[in-house]
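Asks: Below is model.cif; it holds mmCIF, N, CA and C atoms.
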```cif
data_coords
#
loop_
_atom_site.label_atom_id
_atom_site.label_comp_id
_atom_site.auth_asym_id
_atom_site.auth_seq_id
_atom_site.Cartn_x
_atom_site.Cartn_y
_atom_site.Cartn_z
N MET A 1 6.42 -23.04 -10.36
CA MET A 1 7.23 -22.69 -9.21
C MET A 1 6.62 -21.46 -8.54
N THR A 2 6.43 -21.52 -7.24
CA THR A 2 5.84 -20.39 -6.53
C THR A 2 6.92 -19.42 -6.07
N GLU A 3 6.52 -18.16 -5.99
CA GLU A 3 7.38 -17.08 -5.51
C GLU A 3 6.58 -16.31 -4.46
N LEU A 4 7.28 -15.59 -3.60
CA LEU A 4 6.60 -14.78 -2.59
C LEU A 4 6.34 -13.38 -3.13
N PHE A 5 5.11 -12.91 -2.90
CA PHE A 5 4.71 -11.58 -3.32
C PHE A 5 4.06 -10.84 -2.17
N LEU A 6 4.33 -9.55 -2.10
CA LEU A 6 3.65 -8.65 -1.17
C LEU A 6 2.40 -8.15 -1.89
N ILE A 7 1.25 -8.30 -1.28
CA ILE A 7 0.00 -7.81 -1.86
C ILE A 7 -0.26 -6.41 -1.28
N ALA A 8 -0.41 -5.45 -2.17
CA ALA A 8 -0.63 -4.06 -1.77
C ALA A 8 -1.72 -3.46 -2.65
N HIS A 9 -2.12 -2.24 -2.31
CA HIS A 9 -3.11 -1.51 -3.11
C HIS A 9 -2.53 -0.16 -3.48
N ILE A 10 -2.64 0.17 -4.77
CA ILE A 10 -2.19 1.46 -5.29
C ILE A 10 -3.33 2.01 -6.13
N ALA A 11 -3.73 3.24 -5.83
CA ALA A 11 -4.84 3.89 -6.55
C ALA A 11 -6.08 3.00 -6.54
N GLY A 12 -6.30 2.32 -5.42
CA GLY A 12 -7.48 1.48 -5.26
C GLY A 12 -7.40 0.13 -5.96
N ARG A 13 -6.27 -0.18 -6.54
CA ARG A 13 -6.12 -1.43 -7.29
C ARG A 13 -5.14 -2.37 -6.57
N GLY A 14 -5.51 -3.63 -6.47
CA GLY A 14 -4.63 -4.62 -5.86
C GLY A 14 -3.48 -4.96 -6.78
N VAL A 15 -2.28 -5.03 -6.23
CA VAL A 15 -1.09 -5.39 -7.01
C VAL A 15 -0.26 -6.38 -6.21
N ALA A 16 0.59 -7.11 -6.92
CA ALA A 16 1.53 -8.03 -6.29
C ALA A 16 2.93 -7.51 -6.56
N ILE A 17 3.75 -7.46 -5.52
CA ILE A 17 5.12 -6.98 -5.63
C ILE A 17 6.05 -8.10 -5.22
N ASP A 18 6.97 -8.45 -6.11
CA ASP A 18 7.95 -9.50 -5.81
C ASP A 18 8.73 -9.12 -4.56
N THR A 19 8.75 -9.99 -3.56
CA THR A 19 9.41 -9.65 -2.29
C THR A 19 10.91 -9.45 -2.46
N ALA A 20 11.49 -9.91 -3.55
CA ALA A 20 12.91 -9.65 -3.80
C ALA A 20 13.17 -8.16 -3.99
N GLN A 21 12.14 -7.39 -4.34
CA GLN A 21 12.27 -5.94 -4.51
C GLN A 21 11.94 -5.16 -3.25
N VAL A 22 11.49 -5.85 -2.22
CA VAL A 22 11.02 -5.17 -1.00
C VAL A 22 12.08 -5.23 0.08
N ASP A 23 12.54 -4.04 0.51
CA ASP A 23 13.46 -3.96 1.64
C ASP A 23 12.67 -3.98 2.94
N SER A 24 11.59 -3.19 2.98
CA SER A 24 10.72 -3.14 4.16
C SER A 24 9.43 -2.41 3.80
N VAL A 25 8.49 -2.45 4.73
CA VAL A 25 7.24 -1.70 4.60
C VAL A 25 7.17 -0.81 5.84
N VAL A 26 6.97 0.49 5.63
CA VAL A 26 7.03 1.45 6.72
C VAL A 26 5.92 2.48 6.58
N ASP A 27 5.74 3.24 7.64
CA ASP A 27 4.92 4.45 7.60
C ASP A 27 5.89 5.63 7.59
N ILE A 28 5.80 6.44 6.56
CA ILE A 28 6.69 7.58 6.38
C ILE A 28 6.24 8.73 7.27
N GLY A 29 7.20 9.42 7.87
CA GLY A 29 6.90 10.60 8.67
C GLY A 29 6.87 11.84 7.79
N GLU A 30 7.47 12.90 8.28
CA GLU A 30 7.49 14.16 7.55
C GLU A 30 8.25 14.02 6.23
N VAL A 31 7.66 14.58 5.19
CA VAL A 31 8.28 14.57 3.87
C VAL A 31 8.65 16.02 3.52
N VAL A 32 9.91 16.22 3.17
CA VAL A 32 10.41 17.55 2.83
C VAL A 32 10.48 17.66 1.31
N ALA A 33 9.82 18.68 0.78
CA ALA A 33 9.80 18.88 -0.67
C ALA A 33 11.21 19.15 -1.19
N VAL A 34 11.45 18.75 -2.44
CA VAL A 34 12.74 18.94 -3.09
C VAL A 34 12.55 19.91 -4.25
N PRO A 35 13.21 21.07 -4.20
CA PRO A 35 13.07 22.02 -5.31
C PRO A 35 13.51 21.40 -6.64
N ARG A 36 12.78 21.71 -7.71
CA ARG A 36 13.08 21.28 -9.08
C ARG A 36 13.00 19.78 -9.29
N ALA A 37 12.45 19.05 -8.33
CA ALA A 37 12.26 17.60 -8.53
C ALA A 37 11.03 17.39 -9.41
N GLY A 38 10.98 16.25 -10.08
CA GLY A 38 9.82 15.92 -10.89
C GLY A 38 8.58 15.80 -10.03
N THR A 39 7.41 15.92 -10.65
CA THR A 39 6.16 15.87 -9.90
C THR A 39 5.94 14.52 -9.22
N PHE A 40 6.61 13.48 -9.71
CA PHE A 40 6.48 12.15 -9.13
C PHE A 40 7.28 12.00 -7.85
N VAL A 41 8.15 12.96 -7.54
CA VAL A 41 8.92 12.92 -6.30
C VAL A 41 8.17 13.74 -5.27
N ARG A 42 7.61 13.06 -4.27
CA ARG A 42 6.89 13.76 -3.20
C ARG A 42 7.89 14.56 -2.37
N GLY A 43 9.09 14.01 -2.19
CA GLY A 43 10.13 14.69 -1.42
C GLY A 43 11.07 13.69 -0.79
N LEU A 44 11.74 14.13 0.27
CA LEU A 44 12.67 13.28 1.01
C LEU A 44 12.15 13.06 2.42
N ALA A 45 12.45 11.89 2.97
CA ALA A 45 12.04 11.58 4.34
C ALA A 45 13.19 10.84 5.03
N ALA A 46 13.23 10.98 6.34
CA ALA A 46 14.23 10.27 7.14
C ALA A 46 13.67 8.91 7.51
N LEU A 47 14.50 7.90 7.37
CA LEU A 47 14.10 6.55 7.72
C LEU A 47 15.30 5.83 8.31
N ARG A 48 15.24 5.55 9.59
CA ARG A 48 16.32 4.83 10.27
C ARG A 48 17.69 5.43 9.96
N SER A 49 17.85 6.70 10.20
CA SER A 49 19.11 7.42 10.00
C SER A 49 19.57 7.43 8.54
N ARG A 50 18.64 7.32 7.64
CA ARG A 50 18.95 7.35 6.21
C ARG A 50 17.88 8.20 5.54
N VAL A 51 18.26 8.81 4.44
CA VAL A 51 17.31 9.62 3.67
C VAL A 51 16.78 8.78 2.52
N VAL A 52 15.46 8.79 2.35
CA VAL A 52 14.84 8.07 1.24
C VAL A 52 14.09 9.07 0.36
N THR A 53 14.06 8.79 -0.92
CA THR A 53 13.27 9.57 -1.86
C THR A 53 11.87 8.99 -1.89
N VAL A 54 10.88 9.83 -1.63
CA VAL A 54 9.49 9.39 -1.57
C VAL A 54 8.86 9.59 -2.95
N ILE A 55 8.39 8.50 -3.53
CA ILE A 55 7.79 8.53 -4.87
C ILE A 55 6.27 8.57 -4.76
N ASP A 56 5.66 9.57 -5.39
CA ASP A 56 4.20 9.64 -5.49
C ASP A 56 3.80 8.63 -6.56
N THR A 57 3.38 7.47 -6.15
CA THR A 57 3.14 6.36 -7.06
C THR A 57 2.05 6.66 -8.07
N GLY A 58 0.99 7.33 -7.65
CA GLY A 58 -0.07 7.69 -8.58
C GLY A 58 0.45 8.54 -9.72
N THR A 59 1.20 9.58 -9.41
CA THR A 59 1.76 10.46 -10.43
C THR A 59 2.76 9.71 -11.31
N ALA A 60 3.60 8.88 -10.69
CA ALA A 60 4.60 8.12 -11.45
C ALA A 60 3.96 7.16 -12.44
N LEU A 61 2.75 6.68 -12.12
CA LEU A 61 2.05 5.76 -13.02
C LEU A 61 1.11 6.49 -13.98
N GLY A 62 1.12 7.82 -13.95
CA GLY A 62 0.27 8.59 -14.85
C GLY A 62 -1.18 8.64 -14.39
N LEU A 63 -1.41 8.43 -13.09
CA LEU A 63 -2.75 8.47 -12.52
C LEU A 63 -2.92 9.75 -11.71
N SER A 64 -3.98 9.83 -10.94
CA SER A 64 -4.15 10.96 -10.03
C SER A 64 -3.07 10.91 -8.95
N PRO A 65 -2.63 12.07 -8.47
CA PRO A 65 -1.63 12.06 -7.41
C PRO A 65 -2.10 11.27 -6.18
N THR A 66 -1.17 10.64 -5.52
CA THR A 66 -1.48 9.93 -4.28
C THR A 66 -1.88 10.96 -3.23
N PRO A 67 -2.97 10.74 -2.49
CA PRO A 67 -3.38 11.71 -1.47
C PRO A 67 -2.27 11.96 -0.44
N ASP A 68 -2.18 13.21 0.03
CA ASP A 68 -1.16 13.58 1.02
C ASP A 68 -1.28 12.78 2.31
N THR A 69 -2.45 12.25 2.58
CA THR A 69 -2.67 11.49 3.81
C THR A 69 -2.04 10.10 3.78
N VAL A 70 -1.66 9.62 2.60
CA VAL A 70 -1.07 8.28 2.47
C VAL A 70 0.35 8.32 3.00
N ARG A 71 0.63 7.48 3.98
CA ARG A 71 1.95 7.43 4.61
C ARG A 71 2.60 6.06 4.52
N ARG A 72 1.84 5.04 4.13
CA ARG A 72 2.39 3.68 4.02
C ARG A 72 3.25 3.61 2.77
N ALA A 73 4.43 3.00 2.89
CA ALA A 73 5.34 2.93 1.75
C ALA A 73 6.10 1.60 1.75
N VAL A 74 6.40 1.16 0.55
CA VAL A 74 7.26 -0.01 0.35
C VAL A 74 8.64 0.56 0.04
N ILE A 75 9.62 0.18 0.83
CA ILE A 75 10.99 0.64 0.61
C ILE A 75 11.69 -0.35 -0.32
N THR A 76 12.31 0.20 -1.36
CA THR A 76 13.09 -0.61 -2.29
C THR A 76 14.42 0.08 -2.53
N VAL A 77 15.40 -0.69 -2.93
CA VAL A 77 16.73 -0.16 -3.20
C VAL A 77 17.04 -0.36 -4.68
N VAL A 78 17.37 0.74 -5.36
CA VAL A 78 17.70 0.70 -6.78
C VAL A 78 19.04 1.42 -6.96
N ASP A 79 20.00 0.72 -7.50
CA ASP A 79 21.34 1.28 -7.72
C ASP A 79 21.90 1.91 -6.45
N GLY A 80 21.67 1.29 -5.32
CA GLY A 80 22.22 1.76 -4.05
C GLY A 80 21.43 2.88 -3.39
N HIS A 81 20.35 3.33 -4.01
CA HIS A 81 19.53 4.41 -3.45
C HIS A 81 18.23 3.83 -2.92
N HIS A 82 17.79 4.36 -1.77
CA HIS A 82 16.55 3.90 -1.15
C HIS A 82 15.39 4.78 -1.59
N TYR A 83 14.29 4.12 -1.97
CA TYR A 83 13.09 4.81 -2.40
C TYR A 83 11.90 4.31 -1.59
N ALA A 84 11.01 5.22 -1.27
CA ALA A 84 9.75 4.88 -0.59
C ALA A 84 8.64 5.01 -1.63
N ILE A 85 8.06 3.87 -2.01
CA ILE A 85 6.98 3.83 -3.00
C ILE A 85 5.67 3.87 -2.24
N LEU A 86 4.93 4.96 -2.34
CA LEU A 86 3.69 5.11 -1.57
C LEU A 86 2.63 4.12 -2.04
N VAL A 87 1.95 3.50 -1.09
CA VAL A 87 0.86 2.56 -1.38
C VAL A 87 -0.32 2.90 -0.48
N ASP A 88 -1.52 2.61 -0.97
CA ASP A 88 -2.73 2.87 -0.17
C ASP A 88 -2.74 1.99 1.08
N SER A 89 -2.41 0.71 0.87
CA SER A 89 -2.42 -0.25 1.98
C SER A 89 -1.61 -1.47 1.58
N VAL A 90 -1.31 -2.28 2.58
CA VAL A 90 -0.60 -3.54 2.38
C VAL A 90 -1.41 -4.62 3.07
N GLU A 91 -1.56 -5.76 2.39
CA GLU A 91 -2.33 -6.86 2.97
C GLU A 91 -1.44 -7.91 3.62
N ASP A 92 -0.65 -8.61 2.79
CA ASP A 92 0.07 -9.77 3.30
C ASP A 92 1.14 -10.18 2.31
N VAL A 93 1.98 -11.11 2.74
CA VAL A 93 2.94 -11.76 1.85
C VAL A 93 2.45 -13.19 1.66
N ALA A 94 2.40 -13.62 0.40
CA ALA A 94 1.90 -14.96 0.12
C ALA A 94 2.58 -15.53 -1.11
N PRO A 95 2.63 -16.87 -1.20
CA PRO A 95 3.23 -17.50 -2.38
C PRO A 95 2.22 -17.59 -3.53
N PHE A 96 2.71 -17.29 -4.74
CA PHE A 96 1.89 -17.38 -5.94
C PHE A 96 2.76 -17.87 -7.09
N VAL A 97 2.10 -18.36 -8.12
CA VAL A 97 2.79 -18.71 -9.36
C VAL A 97 2.72 -17.49 -10.27
N ARG A 98 3.88 -17.07 -10.76
CA ARG A 98 3.96 -15.94 -11.68
C ARG A 98 3.45 -16.38 -13.05
N LEU A 99 2.49 -15.63 -13.59
CA LEU A 99 1.94 -15.92 -14.91
C LEU A 99 2.24 -14.75 -15.85
N PRO A 100 2.43 -15.03 -17.14
CA PRO A 100 2.70 -13.93 -18.08
C PRO A 100 1.45 -13.10 -18.33
N LEU A 101 1.67 -11.88 -18.78
CA LEU A 101 0.55 -11.04 -19.20
C LEU A 101 0.00 -11.60 -20.51
N SER A 102 -1.30 -11.58 -20.66
CA SER A 102 -1.92 -12.03 -21.91
C SER A 102 -1.51 -11.10 -23.04
N SER A 103 -1.28 -11.65 -24.20
CA SER A 103 -0.85 -10.84 -25.34
C SER A 103 -1.92 -9.83 -25.74
N GLY A 104 -3.18 -10.11 -25.47
CA GLY A 104 -4.26 -9.20 -25.83
C GLY A 104 -4.60 -8.19 -24.75
N LEU A 105 -3.90 -8.23 -23.63
CA LEU A 105 -4.18 -7.34 -22.50
C LEU A 105 -3.53 -5.98 -22.74
N ALA A 106 -4.33 -4.93 -22.72
CA ALA A 106 -3.82 -3.57 -22.90
C ALA A 106 -3.91 -2.83 -21.57
N LEU A 107 -2.76 -2.61 -20.95
CA LEU A 107 -2.72 -1.85 -19.70
C LEU A 107 -2.52 -0.39 -20.02
N GLN A 108 -3.26 0.47 -19.35
CA GLN A 108 -3.20 1.89 -19.64
C GLN A 108 -2.12 2.58 -18.82
N GLY A 109 -1.57 3.65 -19.40
CA GLY A 109 -0.61 4.50 -18.73
C GLY A 109 0.59 3.75 -18.18
N GLY A 110 1.00 4.15 -17.00
CA GLY A 110 2.15 3.56 -16.35
C GLY A 110 1.98 2.11 -15.97
N TRP A 111 0.72 1.65 -15.89
CA TRP A 111 0.50 0.23 -15.58
C TRP A 111 1.16 -0.64 -16.64
N GLY A 112 1.10 -0.22 -17.90
CA GLY A 112 1.70 -0.98 -18.99
C GLY A 112 3.21 -1.04 -18.88
N ARG A 113 3.82 0.04 -18.41
CA ARG A 113 5.27 0.10 -18.24
C ARG A 113 5.73 -0.71 -17.04
N ALA A 114 4.94 -0.69 -15.97
CA ALA A 114 5.36 -1.30 -14.71
C ALA A 114 4.83 -2.72 -14.49
N GLY A 115 3.83 -3.12 -15.26
CA GLY A 115 3.27 -4.46 -15.10
C GLY A 115 4.12 -5.51 -15.79
N THR A 116 4.49 -6.56 -15.06
CA THR A 116 5.37 -7.58 -15.64
C THR A 116 4.72 -8.96 -15.72
N GLY A 117 3.55 -9.11 -15.17
CA GLY A 117 2.88 -10.40 -15.17
C GLY A 117 1.67 -10.33 -14.25
N ILE A 118 1.10 -11.48 -13.96
CA ILE A 118 -0.03 -11.53 -13.03
C ILE A 118 0.13 -12.72 -12.09
N VAL A 119 -0.58 -12.63 -10.99
CA VAL A 119 -0.79 -13.76 -10.10
C VAL A 119 -2.29 -13.88 -9.92
N GLU A 120 -2.76 -15.07 -9.63
CA GLU A 120 -4.19 -15.25 -9.39
C GLU A 120 -4.41 -15.52 -7.92
N ARG A 121 -5.24 -14.68 -7.31
CA ARG A 121 -5.60 -14.83 -5.90
C ARG A 121 -7.10 -15.04 -5.82
N ASP A 122 -7.47 -16.20 -5.37
CA ASP A 122 -8.89 -16.56 -5.26
C ASP A 122 -9.64 -16.34 -6.57
N GLY A 123 -8.97 -16.65 -7.69
CA GLY A 123 -9.60 -16.53 -9.00
C GLY A 123 -9.53 -15.15 -9.61
N ASP A 124 -9.05 -14.17 -8.87
CA ASP A 124 -8.93 -12.81 -9.39
C ASP A 124 -7.47 -12.51 -9.75
N PRO A 125 -7.23 -11.93 -10.93
CA PRO A 125 -5.86 -11.60 -11.30
C PRO A 125 -5.37 -10.33 -10.61
N LEU A 126 -4.11 -10.36 -10.18
CA LEU A 126 -3.45 -9.18 -9.64
C LEU A 126 -2.23 -8.90 -10.50
N LEU A 127 -2.05 -7.66 -10.89
CA LEU A 127 -0.91 -7.27 -11.70
C LEU A 127 0.36 -7.32 -10.85
N ILE A 128 1.41 -7.92 -11.41
CA ILE A 128 2.72 -7.88 -10.75
C ILE A 128 3.36 -6.56 -11.13
N LEU A 129 3.71 -5.77 -10.12
CA LEU A 129 4.26 -4.44 -10.33
C LEU A 129 5.76 -4.45 -10.12
N ASP A 130 6.51 -4.00 -11.12
CA ASP A 130 7.96 -3.88 -11.03
C ASP A 130 8.27 -2.51 -10.42
N LEU A 131 8.80 -2.49 -9.19
CA LEU A 131 9.06 -1.21 -8.52
C LEU A 131 10.10 -0.37 -9.24
N VAL A 132 11.06 -1.01 -9.89
CA VAL A 132 12.08 -0.26 -10.63
C VAL A 132 11.41 0.55 -11.74
N ALA A 133 10.40 0.01 -12.39
CA ALA A 133 9.70 0.72 -13.47
C ALA A 133 8.84 1.86 -12.95
N VAL A 134 8.51 1.84 -11.67
CA VAL A 134 7.73 2.93 -11.07
C VAL A 134 8.61 4.15 -10.83
N ILE A 135 9.90 3.91 -10.59
CA ILE A 135 10.83 5.00 -10.29
C ILE A 135 11.38 5.54 -11.61
N PRO A 136 11.08 6.80 -11.92
CA PRO A 136 11.63 7.39 -13.15
C PRO A 136 13.16 7.34 -13.15
N ALA A 137 13.74 7.30 -14.34
CA ALA A 137 15.19 7.14 -14.47
C ALA A 137 15.98 8.28 -13.84
N THR A 138 15.44 9.48 -13.87
CA THR A 138 16.14 10.62 -13.28
C THR A 138 15.20 11.33 -12.32
N PRO A 139 15.11 10.86 -11.05
CA PRO A 139 14.14 11.42 -10.13
C PRO A 139 14.41 12.86 -9.71
N LEU A 140 15.65 13.35 -9.78
CA LEU A 140 15.93 14.71 -9.36
C LEU A 140 16.61 15.47 -10.50
N ALA A 141 16.12 16.65 -10.77
CA ALA A 141 16.75 17.47 -11.80
C ALA A 141 17.92 18.25 -11.21
N ALA A 142 18.97 18.39 -11.97
CA ALA A 142 20.16 19.11 -11.47
C ALA A 142 19.94 20.60 -11.53
#
```
The structure in this file should be written as structure tokens.

Replies:
Amino acid sequence: MTELFLIAHIAGRGVAIDTAQVDSVVDIGEVVAVPRAGTFVRGLAALRSRVVTVIDTGTALGLSPTPDTVRRAVITVVDGHHYAILVDSVEDVAPFVRLPLSSGLALQGGWGRAGTGIVERDGDPLLILDLVAVIPATPLAA
């Protein structure tokens, strides 16, 4: 059975995101830093009269921080809160068959936590990224 996936790039790597997790794809404007927030929280941004928490995807996945010049984001809603997940670029939405991760596949860092399967595009595997797993459980410290 095929499902629709958004193909994006994070830290130079192609990923597939289940479109059921995607509210929209936008370019984020000014980001305001949040005191005492985790390093994975880039800050807050205004989006269509709503405030979204901007997640530095590289840091959240245990990689190098996402460059400040990156403004493209996938908007997702988790527990009623809107998050902007920064991505290097977005390609397209396309149908794919969801395949399980191989039992012998060892994903490093946050990729292992956020990867839920693969899709094959032109013979190349793309990791299916769970956006909920990219967002830390407590994004703001009290």

Asks: In Å, with one decimal, what is the gap from CA of Leu86 in chain A to CA of Ile55 in chain A?

Replies: 6.3 Å

Asks: Check range 3-141 of chain A with DSSP on the backbone and list each residue it calls strand (DSSP E or B), as an NGL selection string.

Replies: :A and (3-10 or 13-18 or 24-27 or 32 or 37 or 41-47 or 50-55 or 72-78 or 81-86 or 89-97 or 99 or 115-121 or 124-129 or 140)

Asks: Have a look at atom N of Trp111 in chain A and atom C of Val52 in chain A and let me know their distance in Å, one decimal.

Replies: 22.3 Å

Asks: Evaluating the PyMOL selection byres ((chain A and resi 24) around 5) on the displayed file yields which residues, as a list of chain:residue names?

Replies: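 After applying the PyMOL selection byres ((chain A and resi 24) around 5), what remains is A:Val22, A:Asp23, A:Val25, A:Val26, A:Val74, A:Ile75.
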
Asks: Which residues are close to Val51 in chain A, i.e. within 7 Å by all atoms listed in the file, leaving aside same-chain residues fewer than 5 positions away? Reply as a PyMOL selection string.

Replies: chain A and resi 44-46+82-83

Asks: Tell me which of A:Val77, A:Ala33, A:Ala114, A:Leu47 sits closest to Asp130 in chain A, counting only N, CA and C atoms.

Replies: A:Ala114

Asks: May I have all residues of chain A that DSSP, computed from the backbone, assigns to helix (DSSP H, G or I), given as JSON, numbers by chain?

Replies: {"A": [19, 20, 21, 57, 58, 59, 60, 110, 111, 112, 113, 114, 131, 132, 133, 134]}

Asks: Closest to Gly115 in chain A among A:Ile28, A:Phe40, A:Leu101, A:Thr59, using only N, CA and C atoms?

Replies: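 Looking only at the distances to Gly115 in chain A, the closest residue turns out to be A:Leu101.
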
Asks: Rounded to one decimal, what separation in Å do you get between CA of Pro95 in chain A and CA of Gln21 in chain A?

Replies: 14.8 Å

Asks: Applied to this file, what does the PyMOL selection byres ((chain A and resi 119) around 6) return in terms of residues, put as a PyMOL selection string?

Replies: chain A and resi 97-99+117-118+120-121+124-128

Asks: Of the residues A:Leu107, A:Pro136, A:Arg71, A:Pro100, which is the one nearest to Gly29 in chain A, using all atoms listed in the file?

Replies: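 Nearest candidate to Gly29 in chain A out of A:Leu107, A:Pro136, A:Arg71, A:Pro100: A:Arg71.
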
Asks: Find, counting all atoms listed in the file, the residue in A:Ala20, A:Val70, A:Val132, A:Ile85 that gets nearest to Arg113 in chain A.

Replies: A:Val132

Asks: Taking all atoms of range 16-24 of chain A that appear in the file, build a box with edges along x, y and z, extend it by 8 Å on every side, and state its centre and edge lengths in Å to one decimal, as JSON.

Replies:
```
{"center_x": 7.0, "center_y": -6.2, "center_z": -1.4, "size_x": 28.9, "size_y": 23.6, "size_z": 27.1}
```

Asks: Pull out every residue that the PyMOL selection byres (((chain A and resi 4 and name CA) around 6) and name CA) matches in the shown coordinates and put them as a ChimeraX atom specification.

Replies: /A:3,5,19,94-95

Asks: With distances taken over all atoms listed in the file, which of A:Ile7, A:Met1, A:Arg72, A:Thr53 is nearest to Glu91 in chain A?

Replies: A:Ile7
